[in-house]
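Undergrad: I have a structure I would like to understand better, so I am pasting it below and will then ask my questions one at a time.
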Amino acid sequence: MAASYDFKTDADLASRAAEGFVSLYYETFDKRRRQLTKLYMDTATLVWNGNPISGQEALIEFFEMLPSSEFQVTTFDCQPVHEQATQGQKTVLVVTHGSVKFEGNKPHYFNQNFLLTLHTYPSNRLWKIASDCFRFQDWAS
Amino acid sequence: ITFDVETPTTLPPCKGSYLATDNIKAIVLRFLQQYYAIYDGEDRQGLLNVYHDEACCSLSIPIVSGPNPARSSLGDYFTNSRNLKRLRDPALRFKLLKHKRLNVVSFLNELPRTQHDLNSFVVDVTAQTNTLLCFVVNGVFKVEGQSNDPVRAFTRVFIAVPGNEAGLLLVNDQQFIRNASTDEIRKAFATPAPTPSSSPVPVLAP
């Protein structure tokens with residue numbers, strides 16, 4: 001019984017984290033791009049349409065190079081990641097789907113997924129992106 | 001005289017599968033071959049030993065417009081779609097997140113029979129540690145047993161812990177299913193021609 005209770009707690013925590021994260025992430029991407037990497041861990045990794053990028057500096061450089069964007073998320077889901085996989089660190093899987101228009105490019109549908117980990121600081125607790133994977137759905141056309 | 005306010009308009013080139021290392025590539029590709037051999041079979045009960053006791057699983061589809069979404073082309077998945085953008089009821093949110101091995105496999109077993117095109121798979125490894133492997137599969141499949149066997153596209157995230165005999169044990173499984181584009185339908189299940197290495201290489205090609 002205890003295990004099911006914990007799962008419910010974790011599932012609710014994941015839902016709240018995902019909800020806050022999804023709106024903050026895409027708003028930051030579109031409107032405050034320079035702040036975006038603050039949402040990532042120092043050691044975070046991104047796989048963007050098959051291109052691997054890792055670490056803050058590389059991420060800053062990568063996001064700066066991307067044209068300005070307009071994201072629209074139409075679907076998202078999340079799951080608490082099992083503790084056995086994360087060695088006890090609270091982790092949430094967030095998956096999103098929507099469309100994005102990068103300046104000078106045709107609109108694309110995309111899918112993206114994140115692993116968010118919970119970090120405790122003296123004054124607060126924060127979710128940070130540990131990994132991020134992004135793909136256009138029509139990239140091979 | 002002008003000011004330089006040029007903004008970037010070029011996107012980095014899109015690439016095929018990112019599989020991190022040869023070792024991980026081998027593990028992931030072997031897993032997918034075995035997984036979909038069972039998943040596409042008559043009975044998905046065989047997946048029981050692929051999932052962790054405490055595994056969880058969910059599925060989502062894009063927002064369906066029109067007066068009767070349940071009867072739309074993705075109708076088979078509609079009632080199970082966990083799209084938190086639309087789904088506000090906490091009880092229903094929790095109900096659609098399948099938890100524990102038996103629930104996960106019986107949920108998967110109730111979904112329509114499928115035939116996946118393994119040559120269409122594009123796989124990205126997003127995270128790997130000693131205790132976790134997270135990878136994402138993009139591809140197409142045919143829904144069987146319906147008139148004209150419609151082609152669907154999917155993006156599926158698997159998170160695994162190390163399992164028996166160097167295998168993988170799934171702890172998380174999230175699947176997104178949408179209608180395939182005309183281009184995807186045209187290419188689906190076509191015998192792959194040899195492709196130059198710079199273009200998308202079907203990762204599971206024989």
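By convention here, the chains of the structure tokens are called A, B, ... in the order presented, each chain's residues are numbered starting at 1, and ligands are numbered starting at 1 in the order presented.
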Taking only C-alpha atoms into account, find every residue of chain A that has an atom no more than 8 Å from chain B, and write it out as a PyMOL selection string.

TA: chain A and resi 8+11+19+45-52+65-68+74-77+79+81-82+84-87+95+97+102-105+111+113+131-133+139-141

Undergrad: From a backbone DSSP assignment, name each residue in chain A labelled strand (DSSP E or B), as an NGL selection string.

TA: :A and (40-48 or 51-54 or 69-80 or 91-102 or 108-120 or 125-136)

Undergrad: What lies within 6 Å of Asp117 (chain B) using only C-alpha atoms, ignoring chain neighbours under 3 positions off, as a ChimeraX atom specification?

TA: /B:120,140-141,189

Undergrad: Go ahead and compute the interatomic distance for CA of Thr117 (chain A) and CA of Met41 (chain A), in Å to one decimal.

TA: 8.9 Å

Undergrad: Could you tell me how far CA of Asn103 (chain B) lies from CA of Ala17 (chain A), in Å and to one decimal?

TA: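 Pair CA of Asn103 (chain B) / CA of Ala17 (chain A) returns 24.7 Å.
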
Undergrad: Name all residues at most 8 Å from Val143 (chain B) (count only C-alpha atoms; drop same-chain ones fewer than 3 positions away) and give them as a ChimeraX atom specification.

TA: /B:112-115,146,149-152

Undergrad: For the selection just defined, write its residues with all heavy atoms to a file, as a short mmCIF file (atom, residue, chain, number, x, y, z; two decimals), in the first residue's frame.

TA:
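See selection-v1.cif below for the written result:
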```
data_model
loop_
_atom_site.label_atom_id
_atom_site.label_comp_id
_atom_site.auth_asym_id
_atom_site.auth_seq_id
_atom_site.Cartn_x
_atom_site.Cartn_y
_atom_site.Cartn_z
N PRO B 112 -4.59 -1.55 -30.42
CA PRO B 112 -4.73 -2.26 -31.70
C PRO B 112 -3.44 -3.01 -32.10
O PRO B 112 -2.34 -2.58 -31.74
CB PRO B 112 -4.99 -1.12 -32.69
CG PRO B 112 -5.53 0.01 -31.89
CD PRO B 112 -4.92 -0.12 -30.53
N ARG B 113 -3.63 -4.12 -32.81
CA ARG B 113 -2.47 -4.90 -33.33
C ARG B 113 -1.71 -4.02 -34.32
O ARG B 113 -2.32 -3.24 -35.06
CB ARG B 113 -2.93 -6.17 -34.06
CG ARG B 113 -3.66 -7.19 -33.21
CD ARG B 113 -2.84 -7.71 -32.06
NE ARG B 113 -3.32 -7.11 -30.82
CZ ARG B 113 -2.76 -7.30 -29.63
NH1 ARG B 113 -1.69 -8.04 -29.51
NH2 ARG B 113 -3.25 -6.72 -28.56
N THR B 114 -0.41 -4.17 -34.34
CA THR B 114 0.42 -3.30 -35.17
C THR B 114 1.49 -4.08 -35.93
O THR B 114 1.81 -5.22 -35.59
CB THR B 114 1.16 -2.27 -34.29
OG1 THR B 114 1.84 -2.98 -33.25
CG2 THR B 114 0.21 -1.26 -33.70
N GLN B 115 2.04 -3.41 -36.95
CA GLN B 115 3.24 -3.90 -37.63
C GLN B 115 4.16 -2.69 -37.79
O GLN B 115 3.84 -1.76 -38.53
CB GLN B 115 2.87 -4.50 -38.99
CG GLN B 115 3.98 -5.29 -39.64
CD GLN B 115 4.37 -6.51 -38.79
OE1 GLN B 115 3.52 -7.31 -38.44
NE2 GLN B 115 5.65 -6.63 -38.46
N GLN B 146 -7.81 -3.35 -39.49
CA GLN B 146 -8.76 -2.30 -39.84
C GLN B 146 -8.78 -2.21 -41.35
O GLN B 146 -7.83 -2.62 -42.00
CB GLN B 146 -8.32 -0.94 -39.27
CG GLN B 146 -8.41 -0.87 -37.77
CD GLN B 146 -8.09 0.53 -37.26
OE1 GLN B 146 -7.88 1.45 -38.02
NE2 GLN B 146 -8.04 0.66 -35.95
N ASP B 149 -5.62 -0.89 -43.35
CA ASP B 149 -4.45 -0.85 -42.47
C ASP B 149 -3.74 0.51 -42.47
O ASP B 149 -2.67 0.68 -43.05
CB ASP B 149 -3.43 -1.93 -42.90
CG ASP B 149 -3.94 -3.32 -42.60
OD1 ASP B 149 -5.02 -3.45 -42.00
OD2 ASP B 149 -3.25 -4.28 -42.97
N PRO B 150 -4.31 1.51 -41.79
CA PRO B 150 -3.73 2.86 -41.84
C PRO B 150 -2.32 2.91 -41.27
O PRO B 150 -1.96 2.13 -40.38
CB PRO B 150 -4.69 3.67 -40.96
CG PRO B 150 -5.42 2.69 -40.12
CD PRO B 150 -5.49 1.42 -40.91
N VAL B 151 -1.51 3.83 -41.80
CA VAL B 151 -0.14 4.03 -41.32
C VAL B 151 -0.15 5.17 -40.30
O VAL B 151 -0.74 6.22 -40.54
CB VAL B 151 0.82 4.35 -42.48
CG1 VAL B 151 2.22 4.67 -41.96
CG2 VAL B 151 0.88 3.18 -43.45
N ARG B 152 0.49 4.93 -39.18
CA ARG B 152 0.63 5.95 -38.13
C ARG B 152 2.10 6.22 -37.89
O ARG B 152 2.95 5.37 -38.15
CB ARG B 152 0.03 5.45 -36.81
CG ARG B 152 -1.41 5.00 -36.90
CD ARG B 152 -2.36 6.18 -36.91
NE ARG B 152 -3.74 5.74 -37.01
CZ ARG B 152 -4.53 6.04 -38.04
NH1 ARG B 152 -4.08 6.75 -39.06
NH2 ARG B 152 -5.77 5.61 -38.07
#
```

Undergrad: From region 48-201 of chain B, collect each residue whose DSSP state is alpha helix (DSSP H) and return the set as a compact mmCIF listing (two decimals) with C-alpha atoms, in the first residue's frame.

TA:
```txt
# COMPACT_ATOMS: atom_id res chain seq x y z
CA GLY B 75 -10.06 7.04 -32.20
CA ASP B 76 -8.59 3.78 -30.93
CA TYR B 77 -6.15 5.78 -28.87
CA PHE B 78 -8.40 8.68 -27.95
CA PRO B 90 -6.51 14.88 -11.45
CA ALA B 91 -8.29 11.53 -11.02
CA LEU B 92 -8.38 10.90 -14.77
CA ARG B 93 -4.77 12.03 -15.13
CA PHE B 94 -3.79 9.44 -12.56
CA LYS B 95 -5.96 6.72 -14.08
CA ARG B 101 4.07 -4.41 -14.75
CA LEU B 102 0.73 -6.25 -15.04
CA ASN B 103 -1.26 -3.07 -15.64
CA VAL B 104 1.24 -1.80 -18.17
CA VAL B 105 1.27 -4.99 -20.22
CA SER B 106 -2.49 -5.47 -20.13
CA PHE B 107 -2.89 -1.85 -21.23
CA LEU B 108 -0.50 -2.40 -24.15
CA ASN B 109 -2.24 -5.66 -24.98
CA GLU B 110 -5.55 -3.86 -25.46
CA THR B 182 1.74 11.65 -47.05
CA ASP B 183 5.50 11.48 -47.35
CA GLU B 184 5.80 9.06 -44.43
CA ILE B 185 3.03 6.89 -45.87
CA ARG B 186 4.76 6.81 -49.25
CA LYS B 187 8.07 5.73 -47.73
```

Undergrad: May I ask which of the residues B:Asn49, B:Leu29, B:Arg178, B:Glu6 is the closest one to Phe110 (chain A), counting only C-alpha atoms?

TA: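 Of the candidates, the smallest distance to Phe110 (chain A) is held by B:Arg178.
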
Undergrad: Pick out the residues sitting within 12 Å of Glu57 (chain A), and hand them over as a list in words; count only C-alpha atoms, and ignore anything fewer than 4 positions along from it in its own chain.

TA: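 Once the adjacent positions are removed, what remains is Thr37, Lys38, Tyr40, Met41, Asp42, Thr43, Ala44, Thr45, Ile53, Glu61, Phe62, Phe63 and Glu64 of chain A.
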
Undergrad: Only C-alpha atoms, please: the residues just picked out, written as a compact mmCIF listing (two decimals), in the first residue's frame.

TA:
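Listed below is the output, out.txt:
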```txt
# COMPACT_ATOMS: atom_id res chain seq x y z
CA THR A 37 20.37 27.80 -20.29
CA LYS A 38 19.63 28.74 -16.67
CA TYR A 40 19.69 23.44 -17.69
CA MET A 41 22.15 21.72 -15.34
CA ASP A 42 25.83 22.53 -15.91
CA THR A 43 26.31 19.00 -17.19
CA ALA A 44 23.09 18.86 -19.24
CA THR A 45 22.96 17.24 -22.66
CA ILE A 53 25.47 19.19 -27.55
CA GLU A 61 26.48 28.96 -28.10
CA PHE A 62 23.95 26.64 -29.70
CA PHE A 63 20.82 28.51 -28.60
CA GLU A 64 22.34 31.85 -29.58
```
